[in-house]
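Source file: coords_9.cif; contents: mmCIF, C-alpha atoms.
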```
data_upload
loop_
_atom_site.label_atom_id
_atom_site.label_comp_id
_atom_site.auth_asym_id
_atom_site.auth_seq_id
_atom_site.Cartn_x
_atom_site.Cartn_y
_atom_site.Cartn_z
CA ALA A 699 120.67 99.62 165.74
CA GLN A 700 122.96 98.08 168.26
CA SER A 701 125.78 100.00 169.86
CA VAL A 702 128.26 99.73 172.70
CA THR A 703 129.73 102.51 174.81
CA GLN A 704 132.74 101.96 177.00
CA LEU A 705 133.16 104.74 179.54
CA GLY A 706 136.78 105.74 179.91
CA SER A 707 139.41 105.05 177.27
CA HIS A 708 142.07 104.69 179.99
CA VAL A 709 141.73 103.34 183.53
CA SER A 710 144.59 103.15 186.01
CA VAL A 711 144.52 101.16 189.23
CA SER A 712 147.05 100.07 191.83
CA GLU A 713 148.03 96.44 192.15
CA GLY A 714 145.57 94.75 194.51
CA ALA A 715 142.82 97.33 193.93
CA LEU A 716 139.38 96.72 192.46
CA VAL A 717 139.12 96.79 188.68
CA LEU A 718 135.89 98.23 187.23
CA LEU A 719 135.53 98.69 183.47
CA ARG A 720 132.20 100.09 182.33
CA CYS A 721 130.14 99.03 179.34
CA ASN A 722 126.66 100.16 178.30
CA TYR A 723 124.84 98.76 175.32
CA SER A 724 121.91 99.62 173.13
CA SER A 725 119.83 96.85 171.61
CA SER A 726 116.19 96.48 170.65
CA VAL A 727 116.19 92.77 171.50
CA PRO A 728 117.85 90.77 174.28
CA PRO A 729 121.48 90.62 173.24
CA TYR A 730 124.48 88.47 173.70
CA LEU A 731 127.27 90.39 175.44
CA PHE A 732 130.99 89.74 175.52
CA TRP A 733 134.21 91.00 177.03
CA TYR A 734 137.48 90.44 175.19
CA VAL A 735 141.05 91.23 176.26
CA GLN A 736 143.92 92.23 173.99
CA TYR A 737 147.58 92.26 174.95
CA PRO A 738 149.95 94.45 172.88
CA ASN A 739 150.36 93.36 169.27
CA GLN A 740 148.15 90.32 169.76
CA GLY A 741 144.67 89.23 168.81
CA LEU A 742 141.63 89.36 171.09
CA GLN A 743 140.88 86.65 173.63
CA LEU A 744 137.43 85.95 175.04
CA LEU A 745 137.16 86.75 178.77
CA LEU A 746 133.49 85.95 179.27
CA LYS A 747 130.07 86.04 177.63
CA TYR A 748 126.45 86.58 178.64
CA THR A 749 123.86 84.51 176.79
CA SER A 750 120.78 84.82 179.04
CA ALA A 751 121.55 82.23 181.67
CA ALA A 752 122.85 83.66 184.97
CA THR A 753 123.13 87.45 185.02
CA LEU A 754 126.44 87.24 186.88
CA VAL A 755 128.98 85.73 184.53
CA LYS A 756 132.38 84.46 185.63
CA GLY A 757 135.26 84.43 183.17
CA ILE A 758 138.92 83.64 183.02
CA ASN A 759 141.67 85.24 185.14
CA GLY A 760 139.26 86.10 187.98
CA PHE A 761 137.12 88.52 185.98
CA GLU A 762 133.34 88.64 186.16
CA ALA A 763 130.56 90.79 184.72
CA GLU A 764 126.95 91.41 185.66
CA PHE A 765 124.17 91.91 183.13
CA LYS A 766 121.74 94.59 184.32
CA LYS A 767 118.86 94.96 181.91
CA SER A 768 117.35 97.97 183.70
CA GLU A 769 120.63 99.85 183.34
CA THR A 770 121.58 98.35 179.94
CA SER A 771 124.98 97.69 181.42
CA PHE A 772 127.52 94.88 181.45
CA HIS A 773 130.39 96.16 183.59
CA LEU A 774 133.54 94.07 184.04
CA THR A 775 135.07 93.68 187.50
CA LYS A 776 137.94 91.96 189.25
CA PRO A 777 138.39 92.21 193.03
CA SER A 778 142.17 92.51 193.02
CA ALA A 779 144.27 93.73 190.08
CA HIS A 780 147.50 92.02 189.07
CA MET A 781 150.26 93.54 186.99
CA SER A 782 149.49 90.93 184.32
CA ASP A 783 145.99 92.41 183.88
CA ALA A 784 147.43 95.44 182.07
CA ALA A 785 145.89 95.23 178.61
CA GLU A 786 143.09 96.67 176.49
CA TYR A 787 139.58 95.43 177.12
CA PHE A 788 136.73 95.44 174.62
CA CYS A 789 133.02 95.06 175.26
CA ALA A 790 130.93 93.69 172.39
CA VAL A 791 127.24 93.04 171.65
CA SER A 792 125.44 90.91 169.11
CA GLU A 793 121.86 89.99 168.37
CA ARG A 794 120.71 86.46 168.97
CA GLY A 795 120.71 84.63 165.68
CA SER A 796 123.06 87.07 163.96
CA GLN A 797 125.94 84.71 163.52
CA GLY A 798 129.14 86.30 164.73
CA ASN A 799 128.26 89.88 163.78
CA LEU A 800 129.61 91.58 166.86
CA ILE A 801 129.60 95.33 167.47
CA PHE A 802 132.63 96.36 169.51
CA GLY A 803 133.17 99.27 171.83
CA LYS A 804 136.22 101.46 171.38
CA GLY A 805 138.13 99.76 174.15
CA THR A 806 139.47 100.64 177.59
CA LYS A 807 143.18 100.45 178.25
CA LEU A 808 143.88 99.24 181.78
CA SER A 809 147.13 100.21 183.50
CA VAL A 810 148.18 98.59 186.78
CA LYS A 811 150.59 100.48 189.03
CA PRO A 812 152.91 98.60 191.41
CA ASP B 262 146.14 72.84 168.48
CA GLY B 263 143.25 74.45 166.62
CA GLY B 264 143.42 78.12 165.86
CA ILE B 265 143.76 80.93 163.34
CA THR B 266 147.04 81.75 161.63
CA GLN B 267 147.60 85.19 160.14
CA SER B 268 150.59 86.08 158.01
CA PRO B 269 152.69 88.06 157.71
CA LYS B 270 152.86 89.52 161.21
CA TYR B 271 154.39 92.76 159.93
CA LEU B 272 154.19 94.10 156.40
CA PHE B 273 155.46 97.24 154.76
CA ARG B 274 154.26 98.48 151.39
CA LYS B 275 154.72 101.46 149.19
CA GLU B 276 151.84 103.67 148.19
CA GLY B 277 150.04 102.39 145.11
CA GLN B 278 150.80 98.73 145.76
CA ASN B 279 148.25 96.05 146.51
CA VAL B 280 149.01 93.67 149.37
CA THR B 281 147.34 90.43 150.47
CA LEU B 282 147.03 89.31 154.08
CA SER B 283 146.61 85.61 154.73
CA CYS B 284 144.18 84.04 157.21
CA GLU B 285 143.93 80.28 157.72
CA GLN B 286 141.85 78.43 160.34
CA ASN B 287 141.73 74.76 161.34
CA LEU B 288 138.74 75.08 163.67
CA ASN B 289 136.25 73.85 161.07
CA HIS B 290 134.36 77.12 161.50
CA ASP B 291 131.93 78.17 158.81
CA ALA B 292 132.14 81.94 159.28
CA MET B 293 135.20 84.14 158.95
CA TYR B 294 135.72 87.87 159.42
CA TRP B 295 138.20 90.67 158.82
CA TYR B 296 138.45 93.61 161.20
CA ARG B 297 140.54 96.73 161.08
CA GLN B 298 141.85 98.20 164.33
CA ASP B 299 143.07 101.78 164.73
CA PRO B 300 144.11 103.34 168.05
CA GLY B 301 141.09 104.57 170.01
CA GLN B 302 138.57 103.37 167.42
CA GLY B 303 137.95 99.80 168.44
CA LEU B 304 137.40 97.15 165.79
CA ARG B 305 135.60 97.89 162.53
CA LEU B 306 134.28 95.14 160.29
CA ILE B 307 135.68 95.05 156.75
CA TYR B 308 134.23 91.86 155.25
CA TYR B 309 132.71 88.63 156.47
CA SER B 310 131.87 85.27 154.99
CA GLN B 311 129.38 82.77 156.40
CA ILE B 312 129.93 80.08 153.79
CA VAL B 313 132.39 79.13 151.05
CA ASN B 314 132.10 81.19 147.86
CA ASP B 315 130.01 83.86 149.54
CA PHE B 316 130.94 87.02 151.43
CA GLN B 317 129.39 90.34 152.44
CA LYS B 318 130.69 93.85 152.93
CA GLY B 319 131.08 95.17 156.43
CA ASP B 320 131.13 98.77 157.58
CA ILE B 321 134.38 99.82 155.87
CA ALA B 322 134.76 97.61 152.76
CA GLU B 323 135.91 100.34 150.35
CA GLY B 324 139.45 99.72 149.12
CA TYR B 325 139.48 96.08 150.22
CA SER B 326 138.65 92.78 148.55
CA VAL B 327 138.34 89.18 149.77
CA SER B 328 137.79 85.67 148.49
CA ARG B 329 136.51 82.49 150.13
CA GLU B 330 137.41 79.58 147.87
CA LYS B 331 138.09 77.19 150.75
CA LYS B 332 136.48 76.86 154.16
CA GLU B 333 139.84 77.20 155.87
CA SER B 334 141.05 80.32 154.09
CA PHE B 335 139.86 83.93 153.87
CA PRO B 336 142.57 86.21 152.41
CA LEU B 337 142.20 90.00 152.45
CA THR B 338 143.65 92.23 149.74
CA VAL B 339 144.31 95.84 150.59
CA THR B 340 144.18 97.66 147.29
CA SER B 341 145.76 100.92 146.22
CA ALA B 342 142.26 102.44 146.43
CA GLN B 343 142.34 102.24 150.23
CA LYS B 344 143.24 105.79 151.21
CA ASN B 345 144.65 105.12 154.66
CA PRO B 346 145.70 101.47 154.86
CA THR B 347 148.17 101.68 157.76
CA ALA B 348 146.48 99.71 160.55
CA PHE B 349 146.37 96.48 162.52
CA TYR B 350 144.25 93.84 160.77
CA LEU B 351 142.55 91.03 162.65
CA CYS B 352 141.00 87.89 161.23
CA ALA B 353 138.41 85.94 163.20
CA SER B 354 136.13 82.93 162.81
CA SER B 355 133.01 81.53 164.44
CA GLY B 356 131.03 78.30 164.37
CA ALA B 357 127.74 77.66 162.62
CA GLY B 358 124.17 77.72 163.88
CA ALA B 359 121.99 80.20 165.75
CA GLY B 360 123.10 79.39 169.27
CA SER B 361 125.37 81.51 171.41
CA GLY B 362 128.44 79.58 170.24
CA ALA B 363 127.99 80.99 166.77
CA ASN B 364 128.51 84.47 168.15
CA VAL B 365 131.81 83.71 169.87
CA LEU B 366 134.70 84.92 167.74
CA THR B 367 138.13 83.33 167.79
CA PHE B 368 140.84 85.76 166.67
CA GLY B 369 144.19 85.41 164.99
CA ALA B 370 147.26 87.28 166.27
CA GLY B 371 146.89 90.04 163.69
CA SER B 372 148.89 91.58 160.87
CA ARG B 373 150.31 95.08 161.12
CA LEU B 374 150.45 96.88 157.79
CA THR B 375 152.49 100.04 157.36
CA VAL B 376 152.40 102.09 154.19
CA LEU B 377 155.58 103.99 153.54
#
```

Spit out the file's structure as structure tokens when you get a sec.
Amino acid sequence: AQSVTQLGSHVSVSEGALVLLRCNYSSSVPPYLFWYVQYPNQGLQLLLKYTSAATLVKGINGFEAEFKKSETSFHLTKPSAHMSDAAEYFCAVSERGSQGNLIFGKGTKLSVKP
Amino acid sequence: DGGITQSPKYLFRKEGQNVTLSCEQNLNHDAMYWYRQDPGQGLRLIYYSQIVNDFQKGDIAEGYSVSREKKESFPLTVTSAQKNPTAFYLCASSGAGAGSGANVLTFGAGSRLTVL
């Protein structure tokens, strides 16, 4: 069965510092992987997705993630945090061919200090 | 602009009452989904539908019901049998096919239900 583990329910960084949000997955077949962002009282917005092309995926708002099969990881990074990045971030996995049936991690809330 | 509209945004209900949450999409997506979100628990799948007049239970379907009479609409009813209905409910949709695009979910803005 597929699963997703996000390490750290809360991460706090200073403005301008590196953002690193960790995600590890479990899947018996090559998966699709996603990162979504959620601002308070809003729906989720797709940041980026991995679908077996380049292992380094670039998304919106300066975020990127690297698929590492050997480590079963898909960590999200951003070189320099902005105050506007404060939100909750969700990693998700799905099997190829399983239309839309995503398994979500429990989320990591990112705080950005001035 | 294409998107998903959920209503109402906030809803209060008394114990023992059924309540229906609306979800409408104009993206021409075949599949639609309902998720429940509780603090610290991520998103849990309630029901999903891949085609009109057909739907399947997700991980936490007990106490909920859905219908899919039109492609654009997928309403969720929270029944009095749901023991702990206070939560944030998210509707989503995705396109058809087996490619990666079919796995990309587009979400509505959510409906927050509070049981008094």

Kindly provide, as JSON, the centre and edge lengths (Å, one decimal) of an axis-aligned box around all atoms of segment 731-737 of chain A given in the file, with 3 Å on each side.
```
{"center_x": 137.4, "center_y": 91.0, "center_z": 175.5, "size_x": 26.3, "size_y": 8.5, "size_z": 9.0}
```

Given all atoms listed in the file, how would the per-residue table for chain A near chain B read, listing every residue at most 12 Å away with its closest atom pair and distance in Å to one decimal, sorted by chain and number, as a tab-separated table?
```
residue	atom	partner	partner_atom	distance
A:Val702	CA	B:Gly303	CA	10.6
A:Thr703	CA	B:Gly303	CA	10.7
A:Gln704	CA	B:Gly303	CA	10.3
A:Gly706	CA	B:Gly301	CA	10.9
A:Ser707	CA	B:Gly301	CA	7.5
A:His708	CA	B:Gly301	CA	10.0
A:Pro729	CA	B:Ser361	CA	10.1
A:Tyr730	CA	B:Ser361	CA	7.4
A:Leu731	CA	B:Asn364	CA	9.5
A:Phe732	CA	B:Val365	CA	8.3
A:Trp733	CA	B:Val365	CA	10.5
A:Tyr734	CA	B:Leu366	CA	9.7
A:Val735	CA	B:Phe368	CA	11.0
A:Gln736	CA	B:Ala370	CA	9.8
A:Tyr737	CA	B:Ala370	CA	10.0
A:Pro738	CA	B:Ala370	CA	10.1
A:Asn739	CA	B:Gly371	CA	7.4
A:Gln740	CA	B:Ala370	CA	4.7
A:Gly741	CA	B:Ala370	CA	4.1
A:Leu742	CA	B:Phe368	CA	5.8
A:Gln743	CA	B:Phe368	CA	7.0
A:Leu744	CA	B:Thr367	CA	7.7
A:Leu745	CA	B:Val365	CA	10.8
A:Leu746	CA	B:Val365	CA	9.8
A:Lys747	CA	B:Val365	CA	8.3
A:Tyr748	CA	B:Ser361	CA	8.9
A:Thr749	CA	B:Ser361	CA	6.3
A:Ser750	CA	B:Ser361	CA	9.5
A:Ala751	CA	B:Ser361	CA	11.0
A:Glu786	CA	B:Gly303	CA	10.1
A:Tyr787	CA	B:Gly303	CA	9.9
A:Phe788	CA	B:Gly303	CA	7.7
A:Cys789	CA	B:Gly303	CA	9.7
A:Ala790	CA	B:Leu304	CA	9.9
A:Val791	CA	B:Asn364	CA	9.3
A:Ser792	CA	B:Asn364	CA	7.2
A:Glu793	CA	B:Asn364	CA	8.6
A:Arg794	CA	B:Ala359	CA	7.2
A:Gly795	CA	B:Ala359	CA	4.6
A:Ser796	CA	B:Ala359	CA	7.2
A:Gln797	CA	B:Asn364	CA	5.3
A:Gly798	CA	B:Asn364	CA	3.9
A:Asn799	CA	B:Asn364	CA	7.0
A:Leu800	CA	B:Asn364	CA	7.3
A:Ile801	CA	B:Arg305	CA	8.2
A:Phe802	CA	B:Leu304	CA	6.1
A:Gly803	CA	B:Gly303	CA	5.9
A:Lys804	CA	B:Gly303	CA	3.8
A:Gly805	CA	B:Gly303	CA	5.7
A:Thr806	CA	B:Gly301	CA	8.7
A:Lys807	CA	B:Gly301	CA	9.4
```

- Message: Counting all atoms listed in the file, which residues sit no farther than 7 Å from the position (144.7, 83.8, 153.6) in the file's frame? I'd like them as a ChimeraX atom specification.
- Response: /B:282-285,334-337

- Item | Test item: the PyMOL selection byres ((chain B and resi 340) around 9) resolved as a PyMOL selection string | chain B and resi 277-281+324-326+338-339+341-343+346

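If you measure from each of B:Gly264, B:Arg274, B:His290, B:Pro269 to Val376 of chain B using only C-alpha atoms, the closest one turns out to be B:Arg274.
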
- Task: Decode the PyMOL selection byres ((chain A and resi 715-726) around 7) for the given file into explicit residues and return them as JSON, numbers by chain.
- Result: {"A": [699, 700, 701, 702, 703, 704, 705, 711, 712, 713, 714, 727, 728, 729, 770, 771, 772, 773, 774, 775, 776, 777, 778, 779, 789]}

Specify as a PDB file with C-alpha atoms, in the coordinates of the input each residue included when the PyMOL selection byres ((chain A and resi 783) around 8) is applied to this file.
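Below you can see out_26.pdb, which holds the result:
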```pdb
ATOM      1  CA  ALA A 779     144.270  93.730 190.080  1.00  0.00           C
ATOM      2  CA  HIS A 780     147.500  92.020 189.070  1.00  0.00           C
ATOM      3  CA  MET A 781     150.260  93.540 186.990  1.00  0.00           C
ATOM      4  CA  SER A 782     149.490  90.930 184.320  1.00  0.00           C
ATOM      5  CA  ALA A 784     147.430  95.440 182.070  1.00  0.00           C
ATOM      6  CA  ALA A 785     145.890  95.230 178.610  1.00  0.00           C
ATOM      7  CA  LEU A 808     143.880  99.240 181.780  1.00  0.00           C
ATOM      8  CA  SER A 809     147.130 100.210 183.500  1.00  0.00           C
ATOM      9  CA  VAL A 810     148.180  98.590 186.780  1.00  0.00           C
TER      10      VAL A 810
END
```

- Message: Just the number, please: distance in Å from atom CA of Ser710 of chain A to atom CA of Lys811 of chain A, one decimal.
- Response: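 One can read the atom CA of Ser710 of chain A to atom CA of Lys811 of chain A distance as 7.2 Å.
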
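The two atoms in question, atom CA of Asn345 of chain B and atom CA of Tyr271 of chain B, are spaced 16.6 Å apart.
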
- Grab the atom CA of Glu330 of chain B to atom CA of Val313 of chain B distance for me, in Å with one decimal place. 6.0 Å

- Task: Measuring atom to atom with all atoms listed in the file, identify which of B:Ser310, B:Gly263, B:Leu377, B:Tyr296 is nearest to Thr347 of chain B.
- Result: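 Looking only at the distances to Thr347 of chain B, the closest residue turns out to be B:Leu377.
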